[in-house]
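Visitor: One file: run-v6.tsv (TSV, C-alpha atoms and all ligand atoms).
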```tsv
chain	number	residue	atom	x	y	z
Z	21	MET	CA	307.51	17.44	109.54
Z	22	ILE	CA	304.45	15.44	110.63
Z	23	PRO	CA	302.19	18.11	112.21
Z	24	TYR	CA	300.14	17.46	115.36
Z	25	GLY	CA	296.97	18.28	113.46
Z	26	ARG	CA	295.86	19.37	110.03
Z	27	GLN	CA	292.74	19.80	107.92
Z	28	SER	CA	291.56	17.27	105.32
Z	29	LEU	CA	290.19	19.02	102.22
Z	30	ASP	CA	289.06	17.42	98.98
Z	31	GLN	CA	287.69	18.53	95.60
Z	32	ALA	CA	284.11	18.60	96.93
Z	33	ASP	CA	285.18	21.20	99.53
Z	34	ILE	CA	286.87	23.30	96.86
Z	35	ASP	CA	283.87	23.06	94.55
Z	36	ALA	CA	281.51	24.10	97.36
Z	37	VAL	CA	283.51	27.29	98.00
Z	38	VAL	CA	283.86	28.11	94.29
Z	39	ALA	CA	280.10	27.73	93.84
Z	40	VAL	CA	279.55	30.43	96.47
Z	41	LEU	CA	282.07	32.71	94.73
Z	42	GLN	CA	279.98	32.38	91.57
Z	43	SER	CA	276.71	33.10	93.40
Z	44	ASP	CA	275.01	36.32	94.49
Z	45	TRP	CA	275.91	35.99	98.16
Z	46	LEU	CA	279.35	36.11	99.71
Z	47	THR	CA	278.25	36.66	103.27
Z	48	GLN	CA	275.17	35.92	105.41
Z	49	GLY	CA	273.42	34.23	102.48
Z	50	PRO	CA	271.73	30.84	102.08
Z	51	ALA	CA	274.82	28.72	102.87
Z	52	ILE	CA	274.84	30.00	106.47
Z	53	GLU	CA	271.32	28.82	107.10
Z	54	ARG	CA	271.99	25.48	105.45
Z	55	PHE	CA	275.09	24.96	107.60
Z	56	GLU	CA	273.23	25.99	110.75
Z	57	GLN	CA	270.34	23.69	109.97
Z	58	ALA	CA	272.59	20.75	109.15
Z	59	MET	CA	274.55	21.18	112.40
Z	60	ALA	CA	271.36	21.53	114.45
Z	61	GLU	CA	269.97	18.35	112.91
Z	62	ARG	CA	273.19	16.46	113.34
Z	63	CYS	CA	273.43	17.48	117.01
Z	64	GLN	CA	269.69	17.10	117.72
Z	65	ALA	CA	269.44	20.74	118.81
Z	66	ASN	CA	266.64	23.19	118.02
Z	67	HIS	CA	268.79	26.19	117.10
Z	68	ALA	CA	272.26	26.88	115.72
Z	69	VAL	CA	273.85	30.30	115.28
Z	70	ALA	CA	276.97	30.52	113.10
Z	71	VAL	CA	279.63	33.12	113.85
Z	72	CYS	CA	283.12	34.05	112.65
Z	73	ASN	CA	285.01	31.89	115.19
Z	74	ALA	CA	284.49	30.01	118.45
Z	75	THR	CA	285.97	32.86	120.49
Z	76	ALA	CA	283.15	35.12	119.26
Z	77	ALA	CA	280.70	32.27	119.92
Z	78	LEU	CA	281.87	32.03	123.54
Z	79	HIS	CA	281.64	35.80	123.94
Z	80	ILE	CA	278.03	36.08	122.79
Z	81	ALA	CA	277.05	32.88	124.62
Z	82	CYS	CA	278.28	34.50	127.84
Z	83	LEU	CA	276.35	37.69	127.07
Z	84	ALA	CA	273.22	35.67	126.28
Z	85	ALA	CA	273.65	33.95	129.67
Z	86	GLY	CA	273.51	37.41	131.23
Z	87	LEU	CA	277.16	37.51	132.29
Z	88	GLY	CA	278.39	40.99	133.18
Z	89	PRO	CA	280.51	43.07	135.57
Z	90	GLY	CA	280.37	41.77	139.14
Z	91	ASP	CA	279.69	38.20	137.96
Z	92	TRP	CA	281.99	35.18	138.00
Z	93	LEU	CA	282.79	32.79	135.19
Z	94	TRP	CA	284.49	29.52	136.09
Z	95	THR	CA	286.31	27.21	133.75
Z	96	THR	CA	289.19	24.74	133.60
Z	97	PRO	CA	292.82	25.89	133.55
Z	98	ASN	CA	293.58	23.14	130.99
Z	99	THR	CA	292.11	24.88	127.97
Z	100	PHE	CA	292.78	27.42	125.27
Z	101	LEU	CA	292.76	31.05	126.43
Z	102	ALA	CA	289.40	31.79	124.80
Z	103	SER	CA	287.43	29.67	127.32
Z	104	ALA	CA	288.46	32.13	130.04
Z	105	ASN	CA	288.82	35.35	128.04
Z	106	CYS	CA	285.12	35.30	127.10
Z	107	GLY	CA	284.34	36.09	130.74
Z	108	ARG	CA	286.72	39.03	130.75
Z	109	TYR	CA	285.13	40.41	127.53
Z	110	CYS	CA	281.89	40.68	129.51
Z	111	GLY	CA	283.61	42.44	132.41
Z	112	ALA	CA	283.18	39.39	134.65
Z	113	GLN	CA	285.84	37.89	136.89
Z	114	VAL	CA	287.31	34.53	135.97
Z	115	ASP	CA	288.18	31.65	138.27
Z	116	PHE	CA	289.22	28.07	137.61
Z	117	VAL	CA	288.42	24.57	138.82
Z	118	ASP	CA	291.27	22.06	138.85
Z	119	ILE	CA	291.32	19.06	136.54
Z	120	ASP	CA	290.56	15.40	137.07
Z	121	PRO	CA	293.90	13.55	137.11
Z	122	LEU	CA	292.41	10.78	134.96
Z	123	THR	CA	290.53	12.56	132.16
Z	124	TRP	CA	292.36	15.93	132.36
Z	125	ASN	CA	288.95	17.60	132.15
Z	126	LEU	CA	287.44	19.94	134.73
Z	127	ASP	CA	286.92	17.83	137.87
Z	128	ALA	CA	283.20	17.75	138.71
Z	129	ARG	CA	283.89	16.80	142.37
Z	130	ALA	CA	286.33	19.68	142.78
Z	131	LEU	CA	283.65	21.88	141.23
Z	132	GLU	CA	281.14	20.74	143.83
Z	133	ALA	CA	283.52	21.51	146.70
Z	134	LYS	CA	284.33	24.92	145.26
Z	135	LEU	CA	280.62	25.71	144.79
Z	136	GLU	CA	279.91	24.85	148.43
Z	137	ALA	CA	282.64	27.25	149.53
Z	138	ALA	CA	281.48	29.95	147.11
Z	139	GLU	CA	277.91	29.67	148.36
Z	140	ARG	CA	279.08	30.36	151.90
Z	141	ARG	CA	280.94	33.44	150.67
Z	142	GLY	CA	278.05	34.54	148.44
Z	143	SER	CA	280.15	34.46	145.26
Z	144	LEU	CA	278.64	31.68	143.15
Z	145	PRO	CA	279.48	31.74	139.44
Z	146	LYS	CA	276.90	32.82	136.87
Z	147	VAL	CA	278.51	30.80	134.07
Z	148	LEU	CA	280.54	27.61	133.94
Z	149	VAL	CA	282.46	26.96	130.72
Z	150	ALA	CA	282.83	23.16	130.67
Z	151	VAL	CA	285.49	22.35	128.09
Z	152	ALA	CA	285.36	19.00	126.33
Z	153	PHE	CA	289.14	18.66	126.45
Z	154	SER	CA	290.64	16.72	123.52
Z	155	GLY	CA	287.11	15.92	122.29
Z	156	GLN	CA	285.75	14.18	125.37
Z	157	SER	CA	282.95	15.76	127.40
Z	158	CYS	CA	283.30	16.37	131.13
Z	159	ASP	CA	281.07	14.56	133.62
Z	160	MET	CA	278.19	16.60	132.20
Z	161	GLU	CA	275.43	14.78	134.03
Z	162	TYR	CA	276.97	15.65	137.38
Z	163	ILE	CA	277.69	19.21	136.26
Z	164	ALA	CA	274.10	19.67	135.02
Z	165	ARG	CA	272.81	18.55	138.42
Z	166	LEU	CA	275.11	21.05	140.16
Z	167	SER	CA	273.97	23.81	137.79
Z	168	LYS	CA	270.35	23.27	138.87
Z	169	ARG	CA	271.27	23.28	142.54
Z	170	TYR	CA	273.51	26.35	142.39
Z	171	GLY	CA	271.80	28.24	139.56
Z	172	PHE	CA	274.63	28.78	137.10
Z	173	THR	CA	274.45	28.45	133.31
Z	174	VAL	CA	276.50	25.71	131.66
Z	175	ILE	CA	278.18	26.58	128.38
Z	176	GLU	CA	279.94	23.56	126.92
Z	177	ASP	CA	283.06	24.62	125.03
Z	178	ALA	CA	282.99	21.73	122.58
Z	179	SER	CA	285.55	23.28	120.24
Z	180	HIS	CA	287.33	19.91	120.27
Z	181	ALA	CA	284.22	17.79	120.19
Z	182	VAL	CA	282.28	18.15	116.93
Z	183	GLY	CA	281.03	14.63	116.25
Z	184	ALA	CA	281.52	13.42	119.83
Z	185	SER	CA	278.70	12.02	121.92
Z	186	TYR	CA	277.79	11.86	125.58
Z	187	ALA	CA	275.22	9.65	127.32
Z	188	GLY	CA	274.28	8.22	123.95
Z	189	ARG	CA	273.44	11.59	122.40
Z	190	PRO	CA	275.46	13.98	120.22
Z	191	VAL	CA	277.44	16.70	121.97
Z	192	GLY	CA	275.44	19.86	121.29
Z	193	CYS	CA	272.01	18.30	121.91
Z	194	GLY	CA	271.46	20.62	124.85
Z	195	GLU	CA	270.52	17.98	127.40
Z	196	PHE	CA	273.33	18.94	129.77
Z	197	ALA	CA	274.28	22.48	128.68
Z	198	ALA	CA	272.22	25.59	127.92
Z	199	MET	CA	274.54	26.38	125.02
Z	200	THR	CA	277.26	24.44	123.22
Z	201	VAL	CA	280.07	26.11	121.29
Z	202	PHE	CA	281.94	24.54	118.37
Z	203	SER	CA	285.08	25.72	116.56
Z	204	PHE	CA	285.80	25.13	112.89
Z	205	HIS	CA	289.44	26.23	112.99
Z	206	PRO	CA	291.54	24.11	110.58
Z	207	VAL	CA	293.13	21.97	113.32
Z	208	LYS	CA	289.74	21.06	114.78
Z	209	ILE	CA	287.48	18.18	113.67
Z	210	ILE	CA	285.87	19.90	110.67
Z	211	THR	CA	286.85	23.28	109.30
Z	212	SER	CA	285.34	26.38	107.73
Z	213	ALA	CA	288.80	28.06	107.78
Z	214	GLU	CA	287.69	30.38	110.60
Z	215	GLY	CA	284.30	29.69	112.10
Z	216	GLY	CA	282.28	28.92	115.18
Z	217	MET	CA	278.73	28.05	116.19
Z	218	VAL	CA	276.47	28.13	119.23
Z	219	LEU	CA	273.80	25.45	119.60
Z	220	THR	CA	270.87	25.78	121.97
Z	221	ASN	CA	267.35	24.48	122.47
Z	222	ARG	CA	266.06	27.73	123.95
Z	223	PRO	CA	264.46	30.09	121.42
Z	224	GLU	CA	265.06	33.21	123.53
Z	225	LEU	CA	268.81	32.43	123.66
Z	226	ALA	CA	268.92	31.77	119.90
Z	227	GLN	CA	267.20	35.09	119.20
Z	228	ARG	CA	269.62	36.94	121.46
Z	229	LEU	CA	272.63	35.21	119.85
Z	230	GLN	CA	271.43	36.14	116.36
Z	231	ARG	CA	271.11	39.75	117.42
Z	232	LEU	CA	274.45	39.91	119.18
Z	233	ARG	CA	276.35	38.54	116.17
Z	234	SER	CA	275.05	41.40	114.03
Z	235	HIS	CA	275.31	44.75	115.86
Z	236	GLY	CA	272.46	44.03	118.28
Z	237	MET	CA	269.99	44.83	115.52
Z	238	THR	CA	266.82	43.13	114.33
Z	239	ARG	CA	264.45	43.35	111.35
Z	240	ASP	CA	261.86	41.27	113.19
Z	241	VAL	CA	258.91	43.48	114.17
Z	242	GLY	CA	258.15	41.12	117.05
Z	243	GLN	CA	261.45	42.02	118.73
Z	244	MET	CA	261.18	45.78	118.20
Z	245	THR	CA	260.62	48.09	121.12
Z	246	GLU	CA	259.31	50.97	118.96
Z	247	PRO	CA	256.95	50.94	115.99
Z	248	SER	CA	258.50	50.15	112.60
Z	249	HIS	CA	259.02	53.10	110.22
Z	250	GLY	CA	258.44	50.93	107.11
Z	251	PRO	CA	259.80	48.02	105.13
Z	252	TRP	CA	263.38	49.37	105.21
Z	253	TYR	CA	263.43	49.54	108.98
Z	254	TYR	CA	265.86	47.85	111.33
Z	255	GLN	CA	266.26	48.53	114.99
Z	256	GLN	CA	269.23	48.27	117.33
Z	257	ILE	CA	267.97	46.81	120.59
Z	258	GLU	CA	271.33	46.40	122.35
Z	259	LEU	CA	275.06	46.64	121.70
Z	260	GLY	CA	276.19	43.82	119.42
Z	261	PHE	CA	279.09	43.05	117.11
Z	262	ASN	CA	279.93	42.05	113.58
Z	263	TYR	CA	280.63	38.40	114.32
Z	264	ARG	CA	279.06	37.05	111.12
Z	265	MET	CA	280.36	34.02	109.27
Z	266	THR	CA	280.72	34.35	105.50
Z	267	ASP	CA	278.87	32.15	103.01
Z	268	LEU	CA	282.25	30.97	101.73
Z	269	GLN	CA	283.06	29.63	105.18
Z	270	ALA	CA	279.61	28.13	105.66
Z	271	ALA	CA	279.79	26.30	102.31
Z	272	LEU	CA	283.14	24.84	103.31
Z	273	GLY	CA	281.82	23.88	106.75
Z	274	LEU	CA	278.75	22.22	105.25
Z	275	SER	CA	280.84	20.25	102.79
Z	276	GLN	CA	283.14	19.15	105.62
Z	277	LEU	CA	280.15	18.10	107.72
Z	278	ASN	CA	279.36	15.45	105.08
Z	279	LYS	CA	282.66	13.81	105.98
Z	280	LEU	CA	282.44	14.17	109.76
Z	281	ASP	CA	281.63	10.52	110.46
Z	282	GLY	CA	284.62	9.34	108.46
Z	283	PHE	CA	286.94	11.85	110.13
Z	284	VAL	CA	285.86	10.83	113.63
Z	285	ALA	CA	286.02	7.12	112.78
Z	286	ARG	CA	289.63	7.49	111.61
Z	287	ARG	CA	290.54	9.54	114.68
Z	288	ARG	CA	289.08	6.83	116.92
Z	289	GLU	CA	291.01	4.19	115.02
Z	290	LEU	CA	294.24	6.14	115.46
Z	291	ALA	CA	293.54	6.65	119.18
Z	292	ALA	CA	292.93	2.93	119.68
Z	293	ARG	CA	296.15	2.23	117.78
Z	294	TYR	CA	298.13	4.66	119.96
Z	295	ASP	CA	296.58	3.07	123.06
Z	296	ARG	CA	297.79	-0.33	121.91
Z	297	LEU	CA	301.24	0.68	120.64
Z	298	LEU	CA	302.11	2.86	123.64
Z	299	ALA	CA	300.74	0.61	126.37
Z	300	CYS	CA	304.14	-0.74	127.48
Z	301	LEU	CA	305.97	2.60	127.58
Z	302	PRO	CA	306.47	4.73	130.72
Z	303	LEU	CA	303.53	6.95	129.84
Z	304	THR	CA	300.12	7.78	131.24
Z	305	LEU	CA	297.58	7.49	128.43
Z	306	PRO	CA	294.29	9.40	128.12
Z	307	GLY	CA	291.65	8.22	130.60
Z	308	ALA	CA	288.05	7.74	129.57
Z	309	GLN	CA	285.10	9.62	131.04
Z	310	ALA	CA	282.15	7.30	131.66
Z	311	ASP	CA	279.39	7.82	129.08
Z	312	ALA	CA	281.57	9.96	126.78
Z	313	GLU	CA	282.68	9.02	123.28
Z	314	SER	CA	285.48	11.33	122.27
Z	315	ALA	CA	285.96	12.91	118.84
Z	316	TRP	CA	289.73	12.71	119.53
Z	317	HIS	CA	290.79	16.20	118.50
Z	318	LEU	CA	293.98	15.58	120.49
Z	319	TYR	CA	295.90	12.54	121.61
Z	320	VAL	CA	297.93	13.57	124.66
Z	321	VAL	CA	300.38	11.40	126.60
Z	322	ARG	CA	301.94	12.20	129.98
Z	323	LEU	CA	305.54	11.19	130.63
Z	324	ARG	CA	306.18	9.16	133.77
Z	325	LEU	CA	309.23	11.27	134.48
Z	326	LYS	CA	310.61	9.21	137.35
Z	327	ASP	CA	310.82	6.20	135.01
Z	328	ILE	CA	312.77	7.89	132.22
Z	329	ALA	CA	316.21	9.45	131.90
Z	330	LEU	CA	315.33	12.50	129.80
Z	331	ASP	CA	313.24	15.40	131.05
Z	332	HIS	CA	309.98	16.66	129.56
Z	333	ARG	CA	311.61	19.29	127.41
Z	334	GLN	CA	314.25	16.88	126.08
Z	335	VAL	CA	311.61	14.38	124.96
Z	336	PHE	CA	309.60	17.20	123.35
Z	337	GLU	CA	312.66	18.58	121.56
Z	338	GLY	CA	313.78	15.07	120.58
Z	339	LEU	CA	310.45	14.45	118.85
Z	340	ARG	CA	310.61	17.81	117.09
Z	341	ALA	CA	314.17	17.04	115.97
Z	342	ALA	CA	312.88	13.75	114.52
Z	343	GLY	CA	310.43	15.70	112.36
Z	344	ILE	CA	307.38	15.18	114.55
Z	345	GLY	CA	305.46	18.41	115.16
Z	346	VAL	CA	304.39	17.62	118.70
Z	347	ASN	CA	302.67	20.33	120.70
Z	348	LEU	CA	301.56	21.01	124.27
Z	349	HIS	CA	297.91	21.48	125.18
Z	350	TYR	CA	297.72	23.41	127.42
Z	351	ILE	CA	299.79	25.83	129.43
Z	352	PRO	CA	297.52	26.31	132.46
Z	353	VAL	CA	295.60	29.49	131.73
Z	354	HIS	CA	295.96	30.84	135.27
Z	355	LEU	CA	299.76	30.94	134.82
Z	356	GLN	CA	299.58	33.29	131.83
Z	357	PRO	CA	300.94	36.76	132.69
Z	358	TYR	CA	297.53	38.31	132.07
Z	359	TYR	CA	295.88	36.00	134.63
Z	360	ARG	CA	298.78	36.18	137.09
Z	361	ALA	CA	298.12	39.92	137.07
Z	362	GLN	CA	294.58	39.08	138.31
Z	363	GLY	CA	296.08	37.34	141.33
Z	364	PHE	CA	296.68	33.74	140.25
Z	365	ALA	CA	299.96	32.03	141.11
Z	366	ASP	CA	301.91	28.78	140.87
Z	367	GLY	CA	300.32	26.08	142.98
Z	368	ASP	CA	296.74	27.35	142.65
Z	369	PHE	CA	295.66	24.35	140.52
Z	370	PRO	CA	298.20	21.62	141.23
Z	371	GLN	CA	296.65	18.91	139.04
Z	372	ALA	CA	296.68	21.16	135.96
Z	373	GLU	CA	300.25	22.21	136.74
Z	374	ARG	CA	301.46	18.63	137.20
Z	375	TYR	CA	299.77	17.71	133.95
Z	376	TYR	CA	301.51	20.60	132.18
Z	377	ALA	CA	304.90	19.35	133.38
Z	378	GLU	CA	304.35	15.97	131.69
Z	379	ALA	CA	302.01	16.37	128.71
Z	380	ILE	CA	302.81	16.07	125.00
Z	381	SER	CA	300.25	16.11	122.17
Z	382	LEU	CA	301.12	13.54	119.51
Z	383	PRO	CA	300.09	13.85	115.84
Z	384	MET	CA	296.35	13.16	115.44
Z	385	PHE	CA	294.47	13.92	112.23
Z	386	PRO	CA	292.45	11.79	109.78
Z	387	SER	CA	295.07	11.68	107.02
Z	388	LEU	CA	297.83	10.49	109.39
Z	389	ARG	CA	298.93	7.17	107.90
Z	390	ASP	CA	299.63	4.05	109.96
Z	391	GLU	CA	303.34	4.14	108.93
Z	392	GLN	CA	303.62	7.73	110.10
Z	393	GLN	CA	302.01	6.80	113.39
Z	394	ASP	CA	304.40	3.84	113.73
Z	395	TYR	CA	307.30	6.25	113.20
Z	396	VAL	CA	305.97	8.54	115.96
Z	397	VAL	CA	305.73	5.58	118.34
Z	398	GLU	CA	309.20	4.34	117.39
Z	399	GLN	CA	310.79	7.75	118.00
Z	400	LEU	CA	308.97	8.18	121.29
Z	401	ARG	CA	310.11	4.72	122.43
Z	402	ARG	CA	313.71	5.53	121.48
Z	403	LEU	CA	313.66	8.73	123.56
Z	404	LEU	CA	311.98	7.10	126.55
Z	405	GLU	CA	314.45	4.23	126.58
Z	406	GLU	CA	317.49	6.47	126.11
Z	501	LIG	C1	290.21	26.45	119.31
Z	501	LIG	C2	289.53	26.69	120.61
Z	501	LIG	C3	288.78	27.84	120.86
Z	501	LIG	C4	288.74	29.01	119.95
Z	501	LIG	O1	288.38	28.69	118.66
Z	501	LIG	P1	288.49	29.75	117.49
Z	501	LIG	O2	287.50	29.24	116.50
Z	501	LIG	O3	289.90	29.67	117.00
Z	501	LIG	O4	288.15	31.09	118.03
Z	501	LIG	C5	288.10	27.93	122.06
Z	501	LIG	N1	288.18	26.96	122.98
Z	501	LIG	C6	288.92	25.86	122.79
Z	501	LIG	C7	288.95	24.81	123.86
Z	501	LIG	C8	289.63	25.70	121.61
Z	501	LIG	O5	290.40	24.62	121.43
```
Is it possible to express this structure as structure tokens?
Ligand SMILES: *Cc1c(COP(=O)(O)O)cnc(C)c1O

Guide:
Amino acid sequence: MIPYGRQSLDQADIDAVVAVLQSDWLTQGPAIERFEQAMAERCQANHAVAVCNATAALHIACLAAGLGPGDWLWTTPNTFLASANCGRYCGAQVDFVDIDPLTWNLDARALEAKLEAAERRGSLPKVLVAVAFSGQSCDMEYIARLSKRYGFTVIEDASHAVGASYAGRPVGCGEFAAMTVFSFHPVKIITSAEGGMVLTNRPELAQRLQRLRSHGMTRDVGQMTEPSHGPWYYQQIELGFNYRMTDLQAALGLSQLNKLDGFVARRRELAARYDRLLACLPLTLPGAQADAESAWHLYVVRLRLKDIALDHRQVFEGLRAAGIGVNLHYIPVHLQPYYRAQGFADGDFPQAERYYAEAISLPMFPSLRDEQQDYVVEQLRRLLEE
């Protein structure tokens, strides 16, 4: 089976993890800070806070943005559950903005219209989670302008977009989002097994994020609200969590970061190759967002169903039967039973639903060989021409 995505590990990665096992620190040691610093430098951000996964990163980013009961978080329905669930963790209500039919990202114009309506009702969102779907940022410049006008905080969920850039700068630089979240899950661009990170330029947010990832406590006298008892003293300022990353994970992440450019270059090469090889088939191929350079976490095609004999499921199953581990990103979040129970229904976000009826994620990972990609294209052509 050719999977849709997989990690690329080498001996340097293994050695980096073994070195931590032989050291004095297994968790929250020097590798964490090195990984954080390297990511901050790479992304041209002032601060980076490593946590155990991107879901935890989204949770504490929302808390740091002040999200709580009575507030609204908006995001795209075409994302992984975590982009919406983070709002629910904070007791906020979640709503969605439909996707752009070209880029399959949250539609900035639809956002503007929805904000105008929400302002009239007095129910503007406090947080917008702008997901860089498949590794390509949304229209972040437009969204940043709207955030100033309507006063919401932008969190970019860049779980797919480590190594991507937007407007000539690395995703994570903080020019268009208050906080950026990355995932280091094995199918993503670089991996730390499990792992996530929040990047920000604002020191007060970084301080809050550091506290929230570790029980809401601090050893920094400057943050304490009561006098220190002595050198052993720590103080819990607020309710936090144990969301720490281990040094084992950080060492792996740091070692992977050395190879990021090569990974992204190969992904871009594969995407360009898919674009070329699939151009004549009855498919809609990924559309580019102006100013965005994708990291190509996913390569998704949409079937032009009226031009082919098989249905969506038959093409999907045909590819699986041919040993190609295709996948579907994503089932619109608002159609999940949990969100239906909050009042969402079929037809609420028609672009995301239409997309879902046609989309298939093809294999995309750096070690995918040209011959394997040719086989994927050949099998897809066979099914579409059947
Ligand atoms: C993978 C992913 C997450 C969650 O990442 P974890 O590190 O597995 O918690 C969040 N948002 C998006 C868009 C993702 O793809």

Visitor: Produce as a PyMOL selection string the set of residues near ligand LIG 501 (chain Z), where near means within 8 Å with only C-alpha atoms and all ligand atoms considered.

Guide: chain Z and resi 72-78+99-103+151-153+177-180+202-205+208+214-216

Visitor: Residues of stretch 110-226 of chain Z within 9 Å of stretch 375-383 of chain Z: nearest atom pair and distance (Å, one decimal) for each, counting all atoms listed in the file, sorted by chain and number, as CSV?

Guide:
```
residue,atom,partner,partner_atom,distance
Z:Ile119,CA,Z:Tyr375,CA,8.9
Z:Pro121,CA,Z:Tyr375,CA,7.9
Z:Trp124,CA,Z:Tyr375,CA,7.8
```

Visitor: Just write the chosen residues, C-alpha atoms, as a short mmCIF file (atom, residue, chain, number, x, y, z; two decimals), keeping the file's coordinate frame.

Guide:
```cif
data_model
loop_
_atom_site.label_atom_id
_atom_site.label_comp_id
_atom_site.auth_asym_id
_atom_site.auth_seq_id
_atom_site.Cartn_x
_atom_site.Cartn_y
_atom_site.Cartn_z
CA ILE Z 119 291.32 19.06 136.54
CA PRO Z 121 293.90 13.55 137.11
CA TRP Z 124 292.36 15.93 132.36
#
```

Visitor: For Z:Gln371, which of Z:Thr96, Z:Gln113, Z:Thr238, Z:Ser314 is the closest residue, counting only C-alpha atoms?

Guide: Z:Thr96

Visitor: Which residues come within 10 Å of stretch 83-87 of chain Z, counting all atoms listed in the file, excluding same-chain residues fewer than 6 positions away, as JSON, numbers by chain?

Guide: {"Z": [77, 93, 106, 107, 108, 109, 110, 111, 112, 113, 145, 146, 147, 172, 173, 174, 175, 198, 199, 224, 225, 226, 227, 228, 229, 231, 232, 260]}

Visitor: For a quick check of understanding, using only C-alpha atoms, which of Z:Thr95, Z:Arg293, Z:Asn278, Z:Ala299 has the smallest distance to Z:Asp33?

Guide: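 Nearest candidate to Z:Asp33 out of Z:Thr95, Z:Arg293, Z:Asn278, Z:Ala299: Z:Asn278.
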
Visitor: Using all atoms listed in the file, which protein or nucleic acid residues come within 10 Å of Z:Phe196? Drop anything in the same chain fewer than 5 positions from it, and give the result as a PyMOL selection string.

Guide: chain Z and resi 159-165+167+174-176+186-187+191

Visitor: With only C-alpha atoms as the basis for distance, which of Z:Ala51, Z:Ala342, Z:Leu272, Z:Leu355 is at the shortest distance from Z:Gln31?

Guide: Z:Leu272

Visitor: Name the closest residue to Z:Phe283 among the candidates Z:Gly25, Z:Gly183, Z:Gly171, Z:Pro370; distances are taken between atoms, counting all atoms listed in the file.

Guide: Z:Gly183

Visitor: So which one's closest to Z:Gly345, Z:Ala270, Z:Leu297, Z:Ala361, Z:Met384? Using all atoms listed in the file, please.

Guide: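 Looking only at the distances to Z:Gly345, the closest residue turns out to be Z:Met384.
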
Visitor: Just the residues within 8 Å of Z:Ser387, please, counting all atoms listed in the file, with nothing from its chain fewer than 2 positions along; format it as a PyMOL selection string.

Guide: chain Z and resi 28+385+389

Visitor: I'd like to know which of Z:Asp120, Z:Trp94, Z:Glu313, Z:Gln42 is closest to Z:Leu135, using all atoms listed in the file.

Guide: Z:Trp94

Visitor: Using all atoms listed in the file, which residues sit within 10 Å of Z:Gln64 once same-chain residues fewer than 5 positions away are excluded, as a PyMOL selection string?

Guide: chain Z and resi 58-59+189-195+219-221

Visitor: Which residues come within 9 Å of Z:Glu53, counting all atoms listed in the file, excluding same-chain residues fewer than 6 positions away, as a ChimeraX atom specification?

Guide: /Z:68-70,270

Visitor: Between atom CA of Z:Asn262 and atom CA of Z:Val218, what is the spacing in Å?

Guide: 15.4 Å

Visitor: N, CA, C and O atoms are what I want for stretch 157-165 of chain Z; can you complete it accordingly and write them as a PDB file, in the frame of the given file?

Guide:
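Result written to result_9.pdb:
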```pdb
ATOM      1  N   SER Z 157     283.720  14.924 126.481  1.00  0.00           N
ATOM      2  CA  SER Z 157     282.950  15.760 127.400  1.00  0.00           C
ATOM      3  C   SER Z 157     283.370  15.504 128.846  1.00  0.00           C
ATOM      4  O   SER Z 157     283.835  14.421 129.191  1.00  0.00           O
ATOM      5  N   CYS Z 158     283.139  16.513 129.684  1.00  0.00           N
ATOM      6  CA  CYS Z 158     283.300  16.370 131.130  1.00  0.00           C
ATOM      7  C   CYS Z 158     282.188  15.456 131.665  1.00  0.00           C
ATOM      8  O   CYS Z 158     281.350  14.978 130.907  1.00  0.00           O
ATOM      9  N   ASP Z 159     282.153  15.292 132.972  1.00  0.00           N
ATOM     10  CA  ASP Z 159     281.070  14.560 133.620  1.00  0.00           C
ATOM     11  C   ASP Z 159     279.843  15.486 133.598  1.00  0.00           C
ATOM     12  O   ASP Z 159     279.465  16.101 134.596  1.00  0.00           O
ATOM     13  N   MET Z 160     279.214  15.574 132.428  1.00  0.00           N
ATOM     14  CA  MET Z 160     278.190  16.600 132.200  1.00  0.00           C
ATOM     15  C   MET Z 160     276.910  16.350 133.003  1.00  0.00           C
ATOM     16  O   MET Z 160     276.218  17.293 133.374  1.00  0.00           O
ATOM     17  N   GLU Z 161     276.626  15.085 133.269  1.00  0.00           N
ATOM     18  CA  GLU Z 161     275.430  14.780 134.030  1.00  0.00           C
ATOM     19  C   GLU Z 161     275.554  15.361 135.441  1.00  0.00           C
ATOM     20  O   GLU Z 161     274.632  15.983 135.960  1.00  0.00           O
ATOM     21  N   TYR Z 162     276.697  15.152 136.026  1.00  0.00           N
ATOM     22  CA  TYR Z 162     276.970  15.650 137.380  1.00  0.00           C
ATOM     23  C   TYR Z 162     276.967  17.181 137.380  1.00  0.00           C
ATOM     24  O   TYR Z 162     276.390  17.827 138.261  1.00  0.00           O
ATOM     25  N   ILE Z 163     277.600  17.750 136.357  1.00  0.00           N
ATOM     26  CA  ILE Z 163     277.690  19.210 136.260  1.00  0.00           C
ATOM     27  C   ILE Z 163     276.296  19.814 136.060  1.00  0.00           C
ATOM     28  O   ILE Z 163     275.957  20.844 136.659  1.00  0.00           O
ATOM     29  N   ALA Z 164     275.464  19.167 135.254  1.00  0.00           N
ATOM     30  CA  ALA Z 164     274.100  19.670 135.020  1.00  0.00           C
ATOM     31  C   ALA Z 164     273.300  19.664 136.324  1.00  0.00           C
ATOM     32  O   ALA Z 164     272.530  20.584 136.603  1.00  0.00           O
ATOM     33  N   ARG Z 165     273.514  18.611 137.131  1.00  0.00           N
ATOM     34  CA  ARG Z 165     272.810  18.550 138.420  1.00  0.00           C
ATOM     35  C   ARG Z 165     273.270  19.704 139.330  1.00  0.00           C
ATOM     36  O   ARG Z 165     272.464  20.359 139.976  1.00  0.00           O
TER      37      ARG Z 165
END
```
